[in-house]
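For reference, the structure is listed below as structure tokens.
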Amino acid sequence: GIVQDMIPCARMRGTAITIENLFHCVPARLAFLKTDRSEQSAIVEVIKRQAMMYPHIGFTLRSDEKKIINYPPSNHDFFEARFSRIANIIGHEFIENSMSLDLEKENIKIEGLASIPTYHRGNGLQQFLYVNNRPVKDKMLSGVLRAAYSEHLARDRHPICVLFITVPNKDIDVNVHPTKAEIRFNDDYSVRSELINSIRTAISTIGHKASTHTTQLTLNSIAKQSPSEDI
């Protein structure tokens with residue numbers, strides 16, 4: 001019941017970021033913004049790529065009092081937590097139709113999940129690539145994925161993947177682009193070669209496995225074409 005002065009104090013564990021009046025001092029830059037929907041999609045993409053790396057941290061995104069993203073923290077061990085977070089972001093269907101990659105050779109380590117050849121998309125938006133825990137959008141790596149699946153996918157189809165590549169920090173240059181979204185490998189041939197071999201080996205191991213999505217579509221199509229009979 002004692003009224004005291006208002007002073008700074010510690011908050012609950014975590015970080016809250018509030019953005020408002022962003023262009024108050026530089027209103028001219030406001031003209032370069034895209035539509036609200038496009039800008040929100042870009043923000044969601046940033047949160048997703050960060051959330052994929054840290055499954056033990058919860059992420060919540062609100063806009064105009066509306067909750068857009070809610071990824072609760074996982075209490076499982078790291079590998080189970082990562083699978084759970086991937087399922088939250090991409091979907092359980094991807095987990096069911098993916099191949100596990102785990103390769104370590106010399107100074108290159110590649111791990112993660114990649115979709116089986118019969119499970120794909122019309123764009124590359126669901127390709128999550130990380131180098132030394134840095135989310136990247138690297139043209140070279142995207143080209144490697146296309147090359148690895150070239151014998152199995154049409155040119156207008158794209159695999160889904162979550163790949164974590166680890167190399168010594170001295171072997172990459174992160175100052176290629178102002179957004180730090182692109183990188184350059186000192187030995188891109190080795191990275192390219194090992195990634196292609198890792199994916200192609202995984203594909204050869206699973207054989208001609210059909211995706212659960214494709215199988216279900218086929219069954220639904222057959223069911224619609226076949227006359228119903230009481231058995």
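In the structure tokens, the first chain shown is A, the next is B, and so on; residue numbers restart at 1 for each chain, and ligands run from 1 in the order shown.
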Quick one: DSSP helix (DSSP H, G or I) residues in stretch 43-208 of chain A, as a VMD selection string? chain A and resid 43 to 53 78 to 89 92 to 96 139 to 148 169 to 171 188 to 206
For those residues, write C-alpha atoms to a file as a PDB file, in the first residue's frame.
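Full text of out-v3.pdb as output:
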ATOM      1  CA  ILE A  43       9.273  -9.871 -41.343  1.00  0.00           C
ATOM      2  CA  VAL A  44       7.639 -13.282 -40.932  1.00  0.00           C
ATOM      3  CA  GLU A  45      10.376 -14.793 -43.095  1.00  0.00           C
ATOM      4  CA  VAL A  46      13.075 -13.284 -40.869  1.00  0.00           C
ATOM      5  CA  ILE A  47      11.427 -14.651 -37.720  1.00  0.00           C
ATOM      6  CA  LYS A  48      11.016 -18.116 -39.247  1.00  0.00           C
ATOM      7  CA  ARG A  49      14.672 -18.345 -40.207  1.00  0.00           C
ATOM      8  CA  GLN A  50      15.780 -17.269 -36.741  1.00  0.00           C
ATOM      9  CA  ALA A  51      13.318 -19.584 -35.008  1.00  0.00           C
ATOM     10  CA  MET A  52      14.584 -22.559 -36.997  1.00  0.00           C
ATOM     11  CA  MET A  53      18.051 -22.159 -35.447  1.00  0.00           C
ATOM     12  CA  PHE A  78      18.324 -30.524 -29.195  1.00  0.00           C
ATOM     13  CA  PHE A  79      17.583 -33.000 -31.992  1.00  0.00           C
ATOM     14  CA  GLU A  80      13.976 -33.624 -30.972  1.00  0.00           C
ATOM     15  CA  ALA A  81      13.524 -29.900 -30.415  1.00  0.00           C
ATOM     16  CA  ARG A  82      14.836 -29.141 -33.901  1.00  0.00           C
ATOM     17  CA  PHE A  83      12.467 -31.678 -35.477  1.00  0.00           C
ATOM     18  CA  SER A  84       9.575 -30.164 -33.540  1.00  0.00           C
ATOM     19  CA  ARG A  85      10.428 -26.610 -34.630  1.00  0.00           C
ATOM     20  CA  ILE A  86      10.834 -27.682 -38.275  1.00  0.00           C
ATOM     21  CA  ALA A  87       7.406 -29.328 -38.111  1.00  0.00           C
ATOM     22  CA  ASN A  88       5.929 -26.119 -36.640  1.00  0.00           C
ATOM     23  CA  ILE A  89       7.368 -23.953 -39.405  1.00  0.00           C
ATOM     24  CA  HIS A  92       4.673 -32.472 -40.269  1.00  0.00           C
ATOM     25  CA  GLU A  93       4.194 -33.572 -43.863  1.00  0.00           C
ATOM     26  CA  PHE A  94       7.716 -32.423 -44.664  1.00  0.00           C
ATOM     27  CA  ILE A  95       9.137 -34.480 -41.793  1.00  0.00           C
ATOM     28  CA  GLU A  96       7.363 -37.566 -43.153  1.00  0.00           C
ATOM     29  CA  LYS A 139      22.812 -18.415 -55.183  1.00  0.00           C
ATOM     30  CA  MET A 140      25.617 -20.944 -55.220  1.00  0.00           C
ATOM     31  CA  LEU A 141      23.932 -23.162 -52.630  1.00  0.00           C
ATOM     32  CA  SER A 142      20.572 -22.837 -54.397  1.00  0.00           C
ATOM     33  CA  GLY A 143      22.273 -23.916 -57.604  1.00  0.00           C
ATOM     34  CA  VAL A 144      23.817 -26.891 -55.825  1.00  0.00           C
ATOM     35  CA  LEU A 145      20.381 -28.024 -54.652  1.00  0.00           C
ATOM     36  CA  ARG A 146      19.063 -27.798 -58.199  1.00  0.00           C
ATOM     37  CA  ALA A 147      22.048 -29.799 -59.470  1.00  0.00           C
ATOM     38  CA  ALA A 148      21.655 -32.475 -56.795  1.00  0.00           C
ATOM     39  CA  ASN A 169      34.946 -19.108 -39.896  1.00  0.00           C
ATOM     40  CA  LYS A 170      38.150 -18.213 -41.687  1.00  0.00           C
ATOM     41  CA  ASP A 171      36.901 -20.060 -44.779  1.00  0.00           C
ATOM     42  CA  ASP A 188      33.221 -23.347 -52.794  1.00  0.00           C
ATOM     43  CA  TYR A 189      34.139 -26.394 -54.925  1.00  0.00           C
ATOM     44  CA  SER A 190      34.523 -28.618 -51.846  1.00  0.00           C
ATOM     45  CA  VAL A 191      31.278 -27.370 -50.302  1.00  0.00           C
ATOM     46  CA  ARG A 192      29.416 -27.823 -53.570  1.00  0.00           C
ATOM     47  CA  SER A 193      30.840 -31.305 -54.119  1.00  0.00           C
ATOM     48  CA  GLU A 194      30.102 -32.577 -50.610  1.00  0.00           C
ATOM     49  CA  LEU A 195      26.560 -31.181 -50.575  1.00  0.00           C
ATOM     50  CA  ILE A 196      25.713 -32.780 -53.925  1.00  0.00           C
ATOM     51  CA  ASN A 197      27.211 -36.103 -52.847  1.00  0.00           C
ATOM     52  CA  SER A 198      25.355 -35.993 -49.521  1.00  0.00           C
ATOM     53  CA  ILE A 199      21.969 -35.416 -51.165  1.00  0.00           C
ATOM     54  CA  ARG A 200      22.486 -37.900 -53.987  1.00  0.00           C
ATOM     55  CA  THR A 201      23.646 -40.577 -51.537  1.00  0.00           C
ATOM     56  CA  ALA A 202      20.524 -40.023 -49.435  1.00  0.00           C
ATOM     57  CA  ILE A 203      18.326 -40.233 -52.562  1.00  0.00           C
ATOM     58  CA  SER A 204      19.939 -43.505 -53.643  1.00  0.00           C
ATOM     59  CA  THR A 205      19.431 -44.924 -50.143  1.00  0.00           C
ATOM     60  CA  ILE A 206      15.672 -44.323 -50.038  1.00  0.00           C
TER      61      ILE A 206
END
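Of the residues in stretch 20-71 of chain A, those given strand (DSSP E) by DSSP on the backbone are Phe59, Thr60, Leu61, Arg62, Ser63, Lys66, Lys67, Ile68, Ile69, Asn70 and Tyr71 of chain A.
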Exercise: stretch 109-125 of chain A partners within 6 Å, only C-alpha atoms, chain neighbours under 6 positions left out, as a PyMOL selection string: chain A and resi 97-103+152+157-166+210-211
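When atom CA of A:Glu182 is paired with atom CA of A:Glu39, their separation reads 20.3 Å.
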